[in-house]
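One structure below.
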Amino acid sequence: MGRRFLDNVYEGKNDWWRYVVVLGVSVYYWLFWSYYVYVASSAVLSELPIPPVAADTISQNIPFLIELGLLILLLWGLNERSWRSLITAEPAVNIKRIAQGFGVWGGLMLTSQAIGVWSEPQNYAWNFQPSQWIVLLMLSLLFVPIQTSAEELLFRGYLIQAMRLLTHRAFILIVMSAFLFAIPHFGNPEMQRGAFVWGAANYFTWGVIFAAVTIKDNGLELSLGMHAAHNIIGSVVVTTPDSVIQSPALLTYVGPLDPRHGLVWLLYEGFFFYCIFFGGVPRKKQVKRKD
């Protein structure tokens, strides 16, 4: 049996205080300084002779580029580990696996959105602006994976491996990492849709799916692809008036915003994704006949 992804935590130096420092600095930057980086970036880029959609897309992702660089620098300096150890236990990152996660999750998302447009066309407004959309698409493909990779390496890479020092139980690792992943997202605008508990349930379920896929697949590649596909499609295909990332997407959902509907679709997508990669559809046990 090959090396396990979670066992990468035993590489380098793994004193408990090192993890406290790395996580503390990373989360503190995300919660308190990333906003000011965004504001400063937006102010600078808005003065340049580039389309507003380009300035907005780039400024939204610059804070995550810094977050990613900060995490890798702290990992190297305090834990004396390579960034690759947060993704895989293999000698090299499996790019094909990232592409598979991107393609399958993107396909499931587009399918669910197509069903929504077909069944409730009155809830969608056509918003296609060719010149802006092409710029948005190109920059989203370039910058959004940086944003999603920063989150994945922090929560499903560093954090879940750090918790491995406390417990070997996969269920606890999944639930705790999902809970901690949800907390920083509670300030997002979409959390104001209806009851807070349903908005929190959406982000918690996201964390559960990502963590379960990461542990089951023994690496972060699938989750990296999934997260990138989700955010790119949410930016360029269908957006909502209260989305944390505003963009000139193809369509805008103008119907009633109910987080319970989003949770149902998320569970559907997560179930089928898990089945496609891990054969998770339960089978009936065969009962032996007695002659």
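Letters A, B, ... mark the chains of the structure tokens in the order given; residue numbers begin at 1 per chain; ligand numbers begin at 1, in order shown.
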
Listing only residues of range 162-237 of chain A within 8 Å of range 253-277 of chain A, what is the closest atom pair and its distance in Å (to one decimal) for each, using only C-alpha atoms, sorted by chain and residue number ascending, as a Markdown table?
| residue | atom | partner | partner_atom | distance |
| --- | --- | --- | --- | --- |
| A:Arg193 | CA | A:Asp258 | CA | 6.3 |
| A:Gly194 | CA | A:Asp258 | CA | 6.7 |
| A:Trp198 | CA | A:Pro259 | CA | 5.8 |
| A:Gly199 | CA | A:Pro259 | CA | 5.8 |
| A:Ala201 | CA | A:Leu263 | CA | 7.5 |
| A:Asn202 | CA | A:Leu263 | CA | 5.4 |
| A:Thr205 | CA | A:Leu267 | CA | 7.8 |
| A:Trp206 | CA | A:Leu266 | CA | 7.7 |
| A:Ile209 | CA | A:Gly270 | CA | 6.3 |
| A:Val213 | CA | A:Tyr274 | CA | 7.2 |

Residues of the last selection are to be written out with N, CA, C and O atoms, as an mmCIF file, in the first residue's frame.
data_model
loop_
_atom_site.group_PDB
_atom_site.id
_atom_site.type_symbol
_atom_site.label_atom_id
_atom_site.label_comp_id
_atom_site.auth_asym_id
_atom_site.auth_seq_id
_atom_site.Cartn_x
_atom_site.Cartn_y
_atom_site.Cartn_z
ATOM 1 N N ARG A 193 -29.927 35.125 2.793
ATOM 2 C CA ARG A 193 -31.122 34.530 2.206
ATOM 3 C C ARG A 193 -31.860 33.702 3.254
ATOM 4 O O ARG A 193 -31.421 32.622 3.630
ATOM 5 N N GLY A 194 -32.987 34.162 3.732
ATOM 6 C CA GLY A 194 -33.787 33.369 4.645
ATOM 7 C C GLY A 194 -33.069 33.082 5.948
ATOM 8 O O GLY A 194 -32.302 33.882 6.455
ATOM 9 N N TRP A 198 -29.810 27.647 7.105
ATOM 10 C CA TRP A 198 -29.767 27.007 5.797
ATOM 11 C C TRP A 198 -28.563 27.479 4.981
ATOM 12 O O TRP A 198 -27.956 26.704 4.245
ATOM 13 N N GLY A 199 -28.210 28.739 5.118
ATOM 14 C CA GLY A 199 -27.005 29.231 4.461
ATOM 15 C C GLY A 199 -25.770 28.551 5.013
ATOM 16 O O GLY A 199 -24.864 28.151 4.265
ATOM 17 N N ALA A 201 -25.715 25.638 6.388
ATOM 18 C CA ALA A 201 -25.760 24.235 5.967
ATOM 19 C C ALA A 201 -25.166 24.048 4.583
ATOM 20 O O ALA A 201 -24.533 23.023 4.296
ATOM 21 N N ASN A 202 -25.371 25.038 3.697
ATOM 22 C CA ASN A 202 -24.804 24.951 2.356
ATOM 23 C C ASN A 202 -23.282 24.904 2.405
ATOM 24 O O ASN A 202 -22.649 24.040 1.774
ATOM 25 N N THR A 205 -22.020 21.675 4.015
ATOM 26 C CA THR A 205 -22.129 20.543 3.093
ATOM 27 C C THR A 205 -21.036 20.586 2.049
ATOM 28 O O THR A 205 -20.457 19.553 1.678
ATOM 29 N N TRP A 206 -20.722 21.801 1.566
ATOM 30 C CA TRP A 206 -19.594 21.956 0.656
ATOM 31 C C TRP A 206 -18.326 21.371 1.282
ATOM 32 O O TRP A 206 -17.591 20.604 0.663
ATOM 33 N N ILE A 209 -18.349 17.537 1.419
ATOM 34 C CA ILE A 209 -18.101 16.913 0.111
ATOM 35 C C ILE A 209 -16.630 17.011 -0.268
ATOM 36 O O ILE A 209 -16.001 16.020 -0.672
ATOM 37 N N VAL A 213 -14.153 13.682 -0.477
ATOM 38 C CA VAL A 213 -13.511 13.357 -1.747
ATOM 39 C C VAL A 213 -11.990 13.336 -1.585
ATOM 40 O O VAL A 213 -11.305 12.446 -2.100
#

Give the helix (DSSP H, G or I) residues of range 117-154 of chain A, as assigned by DSSP on the backbone, as number ranges by chain. A: 117-119, 121-123, 130-154

Just to be explicit: take each residue in the selection above, keep N, CA and C atoms, and write the result as a PDB file, in the first residue's frame.
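In the end it all went to out.pdb:
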ATOM      1  N   VAL A 117     -33.117  26.276 -15.801  1.00  0.00           N
ATOM      2  CA  VAL A 117     -33.538  27.212 -16.850  1.00  0.00           C
ATOM      3  C   VAL A 117     -34.720  26.639 -17.630  1.00  0.00           C
ATOM      4  N   TRP A 118     -34.677  25.333 -17.896  1.00  0.00           N
ATOM      5  CA  TRP A 118     -35.755  24.694 -18.653  1.00  0.00           C
ATOM      6  C   TRP A 118     -37.062  24.649 -17.870  1.00  0.00           C
ATOM      7  N   SER A 119     -36.991  24.360 -16.580  1.00  0.00           N
ATOM      8  CA  SER A 119     -38.196  24.187 -15.767  1.00  0.00           C
ATOM      9  C   SER A 119     -38.780  25.500 -15.258  1.00  0.00           C
ATOM     10  N   PRO A 121     -38.012  29.070 -16.598  1.00  0.00           N
ATOM     11  CA  PRO A 121     -37.355  30.109 -17.405  1.00  0.00           C
ATOM     12  C   PRO A 121     -37.654  31.526 -16.925  1.00  0.00           C
ATOM     13  N   GLN A 122     -38.782  31.719 -16.249  1.00  0.00           N
ATOM     14  CA  GLN A 122     -39.143  33.050 -15.766  1.00  0.00           C
ATOM     15  C   GLN A 122     -38.206  33.541 -14.665  1.00  0.00           C
ATOM     16  N   ASN A 123     -37.425  32.638 -14.070  1.00  0.00           N
ATOM     17  CA  ASN A 123     -36.530  33.014 -12.974  1.00  0.00           C
ATOM     18  C   ASN A 123     -35.138  33.409 -13.455  1.00  0.00           C
ATOM     19  N   PRO A 130     -21.187  40.357 -25.013  1.00  0.00           N
ATOM     20  CA  PRO A 130     -20.043  39.655 -25.621  1.00  0.00           C
ATOM     21  C   PRO A 130     -18.671  40.193 -25.239  1.00  0.00           C
ATOM     22  N   SER A 131     -18.454  41.498 -25.374  1.00  0.00           N
ATOM     23  CA  SER A 131     -17.120  42.042 -25.126  1.00  0.00           C
ATOM     24  C   SER A 131     -16.701  41.858 -23.669  1.00  0.00           C
ATOM     25  N   GLN A 132     -17.634  42.078 -22.744  1.00  0.00           N
ATOM     26  CA  GLN A 132     -17.316  41.902 -21.327  1.00  0.00           C
ATOM     27  C   GLN A 132     -17.177  40.423 -20.969  1.00  0.00           C
ATOM     28  N   TRP A 133     -18.045  39.597 -21.573  1.00  0.00           N
ATOM     29  CA  TRP A 133     -18.057  38.182 -21.201  1.00  0.00           C
ATOM     30  C   TRP A 133     -16.777  37.463 -21.623  1.00  0.00           C
ATOM     31  N   ILE A 134     -16.263  37.786 -22.789  1.00  0.00           N
ATOM     32  CA  ILE A 134     -15.026  37.144 -23.256  1.00  0.00           C
ATOM     33  C   ILE A 134     -13.871  37.478 -22.309  1.00  0.00           C
ATOM     34  N   VAL A 135     -13.779  38.737 -21.894  1.00  0.00           N
ATOM     35  CA  VAL A 135     -12.741  39.143 -20.948  1.00  0.00           C
ATOM     36  C   VAL A 135     -12.922  38.412 -19.622  1.00  0.00           C
ATOM     37  N   LEU A 136     -14.182  38.359 -19.166  1.00  0.00           N
ATOM     38  CA  LEU A 136     -14.487  37.665 -17.912  1.00  0.00           C
ATOM     39  C   LEU A 136     -14.088  36.200 -17.983  1.00  0.00           C
ATOM     40  N   LEU A 137     -14.418  35.527 -19.081  1.00  0.00           N
ATOM     41  CA  LEU A 137     -14.098  34.113 -19.234  1.00  0.00           C
ATOM     42  C   LEU A 137     -12.596  33.874 -19.181  1.00  0.00           C
ATOM     43  N   MET A 138     -11.832  34.642 -19.933  1.00  0.00           N
ATOM     44  CA  MET A 138     -10.380  34.444 -19.984  1.00  0.00           C
ATOM     45  C   MET A 138      -9.732  34.690 -18.617  1.00  0.00           C
ATOM     46  N   LEU A 139     -10.142  35.778 -17.963  1.00  0.00           N
ATOM     47  CA  LEU A 139      -9.544  36.098 -16.670  1.00  0.00           C
ATOM     48  C   LEU A 139     -10.002  35.133 -15.577  1.00  0.00           C
ATOM     49  N   SER A 140     -11.234  34.635 -15.672  1.00  0.00           N
ATOM     50  CA  SER A 140     -11.720  33.658 -14.696  1.00  0.00           C
ATOM     51  C   SER A 140     -10.932  32.356 -14.805  1.00  0.00           C
ATOM     52  N   LEU A 141     -10.682  31.911 -16.022  1.00  0.00           N
ATOM     53  CA  LEU A 141      -9.899  30.688 -16.221  1.00  0.00           C
ATOM     54  C   LEU A 141      -8.476  30.841 -15.690  1.00  0.00           C
ATOM     55  N   LEU A 142      -7.964  32.075 -15.715  1.00  0.00           N
ATOM     56  CA  LEU A 142      -6.599  32.327 -15.270  1.00  0.00           C
ATOM     57  C   LEU A 142      -6.517  32.534 -13.760  1.00  0.00           C
ATOM     58  N   PHE A 143      -7.424  33.342 -13.202  1.00  0.00           N
ATOM     59  CA  PHE A 143      -7.286  33.775 -11.809  1.00  0.00           C
ATOM     60  C   PHE A 143      -8.122  32.986 -10.804  1.00  0.00           C
ATOM     61  N   VAL A 144      -9.301  32.522 -11.196  1.00  0.00           N
ATOM     62  CA  VAL A 144     -10.158  31.831 -10.226  1.00  0.00           C
ATOM     63  C   VAL A 144      -9.495  30.577  -9.655  1.00  0.00           C
ATOM     64  N   PRO A 145      -8.766  29.769 -10.456  1.00  0.00           N
ATOM     65  CA  PRO A 145      -8.088  28.621  -9.855  1.00  0.00           C
ATOM     66  C   PRO A 145      -7.075  28.997  -8.775  1.00  0.00           C
ATOM     67  N   ILE A 146      -6.531  30.210  -8.838  1.00  0.00           N
ATOM     68  CA  ILE A 146      -5.641  30.668  -7.773  1.00  0.00           C
ATOM     69  C   ILE A 146      -6.435  30.847  -6.487  1.00  0.00           C
ATOM     70  N   GLN A 147      -7.605  31.481  -6.608  1.00  0.00           N
ATOM     71  CA  GLN A 147      -8.464  31.702  -5.450  1.00  0.00           C
ATOM     72  C   GLN A 147      -8.895  30.382  -4.821  1.00  0.00           C
ATOM     73  N   THR A 148      -9.398  29.463  -5.656  1.00  0.00           N
ATOM     74  CA  THR A 148      -9.893  28.194  -5.115  1.00  0.00           C
ATOM     75  C   THR A 148      -8.753  27.321  -4.580  1.00  0.00           C
ATOM     76  N   SER A 149      -7.588  27.393  -5.213  1.00  0.00           N
ATOM     77  CA  SER A 149      -6.445  26.614  -4.719  1.00  0.00           C
ATOM     78  C   SER A 149      -5.986  27.103  -3.356  1.00  0.00           C
ATOM     79  N   ALA A 150      -6.058  28.422  -3.139  1.00  0.00           N
ATOM     80  CA  ALA A 150      -5.691  28.954  -1.823  1.00  0.00           C
ATOM     81  C   ALA A 150      -6.583  28.376  -0.741  1.00  0.00           C
ATOM     82  N   GLU A 151      -7.890  28.313  -1.005  1.00  0.00           N
ATOM     83  CA  GLU A 151      -8.824  27.754  -0.030  1.00  0.00           C
ATOM     84  C   GLU A 151      -8.595  26.259   0.155  1.00  0.00           C
ATOM     85  N   GLU A 152      -8.387  25.549  -0.935  1.00  0.00           N
ATOM     86  CA  GLU A 152      -8.203  24.100  -0.843  1.00  0.00           C
ATOM     87  C   GLU A 152      -6.924  23.733  -0.098  1.00  0.00           C
ATOM     88  N   LEU A 153      -5.822  24.395  -0.420  1.00  0.00           N
ATOM     89  CA  LEU A 153      -4.567  24.071   0.247  1.00  0.00           C
ATOM     90  C   LEU A 153      -4.624  24.412   1.733  1.00  0.00           C
ATOM     91  N   LEU A 154      -5.383  25.448   2.085  1.00  0.00           N
ATOM     92  CA  LEU A 154      -5.495  25.820   3.495  1.00  0.00           C
ATOM     93  C   LEU A 154      -6.396  24.858   4.263  1.00  0.00           C
TER      94      LEU A 154
END

Which residue gives the smallest distance to Ile233 in chain A among A:Asn61, A:Asn94, A:Thr111, A:Asn14, with only C-alpha atoms counted? A:Thr111

Using only C-alpha atoms, which of the listed residues (A:Val39, A:Gln100, A:Ala89, A:Val44) sits closest to Arg3 in chain A?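 Result for the nearest residue to Arg3 in chain A: A:Ala89.
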
Surrounding residues of range 176-187 of chain A excluding itself and chain neighbours under 5 positions, 9 Å, only C-alpha atoms, as a ChimeraX atom specification: /A:27,30-31,151,155-156,159-160,163,171,192,196,199-211

Residues of range 218-269 of chain A within 12 Å of range 69-86 of chain A: nearest atom pair and distance (Å, one decimal) for each, counting only C-alpha atoms, sorted by chain and number, as JSON lines?
{"residue": "A:Asn218", "atom": "CA", "partner": "A:Leu86", "partner_atom": "CA", "distance": 11.2}
{"residue": "A:Gly219", "atom": "CA", "partner": "A:Leu86", "partner_atom": "CA", "distance": 8.3}
{"residue": "A:Leu220", "atom": "CA", "partner": "A:Leu86", "partner_atom": "CA", "distance": 7.5}
{"residue": "A:Glu221", "atom": "CA", "partner": "A:Leu86", "partner_atom": "CA", "distance": 10.1}
{"residue": "A:Leu224", "atom": "CA", "partner": "A:Leu86", "partner_atom": "CA", "distance": 11.4}

May I have the residues from that selection written out with N, CA and C atoms, as an mmCIF file, in the first residue's frame?
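Now in part03.cif:
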data_model
loop_
_atom_site.group_PDB
_atom_site.id
_atom_site.type_symbol
_atom_site.label_atom_id
_atom_site.label_comp_id
_atom_site.auth_asym_id
_atom_site.auth_seq_id
_atom_site.Cartn_x
_atom_site.Cartn_y
_atom_site.Cartn_z
ATOM 1 N N ASN A 218 -7.349 10.033 -1.630
ATOM 2 C CA ASN A 218 -5.966 10.060 -1.146
ATOM 3 C C ASN A 218 -5.164 11.194 -1.789
ATOM 4 N N GLY A 219 -5.798 12.348 -1.910
ATOM 5 C CA GLY A 219 -5.116 13.491 -2.494
ATOM 6 C C GLY A 219 -6.089 14.624 -2.749
ATOM 7 N N LEU A 220 -5.544 15.780 -3.038
ATOM 8 C CA LEU A 220 -6.350 16.997 -3.157
ATOM 9 C C LEU A 220 -6.742 17.313 -4.597
ATOM 10 N N GLU A 221 -6.262 16.526 -5.560
ATOM 11 C CA GLU A 221 -6.437 16.905 -6.963
ATOM 12 C C GLU A 221 -7.904 17.039 -7.370
ATOM 13 N N LEU A 224 -9.455 20.157 -5.941
ATOM 14 C CA LEU A 224 -8.960 21.361 -6.625
ATOM 15 C C LEU A 224 -9.749 21.614 -7.909
#

Please tabulate, as CSV, the residues of range 141-240 of chain A that come within 8 Å of range 246-252 of chain A, each with its closest pair of atoms and the distance in Å to one decimal, counting only C-alpha atoms and ordering rows by chain, then residue number upward.
residue,atom,partner,partner_atom,distance
A:Ser235,CA,A:Ser247,CA,6.0
A:Val236,CA,A:Ala249,CA,4.3
A:Val237,CA,A:Leu250,CA,4.9
A:Val238,CA,A:Leu251,CA,4.7
A:Thr239,CA,A:Thr252,CA,5.0
A:Thr240,CA,A:Thr252,CA,5.5

Export of the given selection (C-alpha atoms) as a compact mmCIF listing (two decimals), in the first residue's frame:
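Saved as out-v3.txt:
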# COMPACT_ATOMS: atom_id res chain seq x y z
CA SER A 235 -18.85 33.57 -12.40
CA VAL A 236 -19.37 33.15 -16.14
CA VAL A 237 -22.60 31.13 -16.58
CA VAL A 238 -25.18 31.94 -13.88
CA THR A 239 -24.88 34.51 -11.12
CA THR A 240 -27.27 35.95 -8.54

Report, in Å with one decimal, the straight-line distance from CA of Phe5 in chain A to CA of Leu222 in chain A. 13.0 Å

Do a neighbour search on Ile62 in chain A at 8 Å with only C-alpha atoms, toss out local chain neighbours closer than 6 positions, and write the hits as an MDAnalysis selection string. chainID A and resid 37:38 41

Let's have the selection written as a PDB file, in the first residue's frame, with N, CA and C atoms.
ATOM      1  N   VAL A  37      -6.603  44.527   1.045  1.00  0.00           N
ATOM      2  CA  VAL A  37      -5.835  44.242  -0.172  1.00  0.00           C
ATOM      3  C   VAL A  37      -6.737  44.380  -1.387  1.00  0.00           C
ATOM      4  N   TYR A  38      -7.965  43.874  -1.264  1.00  0.00           N
ATOM      5  CA  TYR A  38      -8.927  43.993  -2.376  1.00  0.00           C
ATOM      6  C   TYR A  38      -9.230  45.457  -2.681  1.00  0.00           C
ATOM      7  N   SER A  41      -6.189  47.067  -4.297  1.00  0.00           N
ATOM      8  CA  SER A  41      -6.010  46.559  -5.655  1.00  0.00           C
ATOM      9  C   SER A  41      -7.048  47.148  -6.593  1.00  0.00           C
TER      10      SER A  41
END

May I ask for the distance between CA of Val53 in chain A and CA of His227 in chain A, given in Å to one decimal place? 21.8 Å
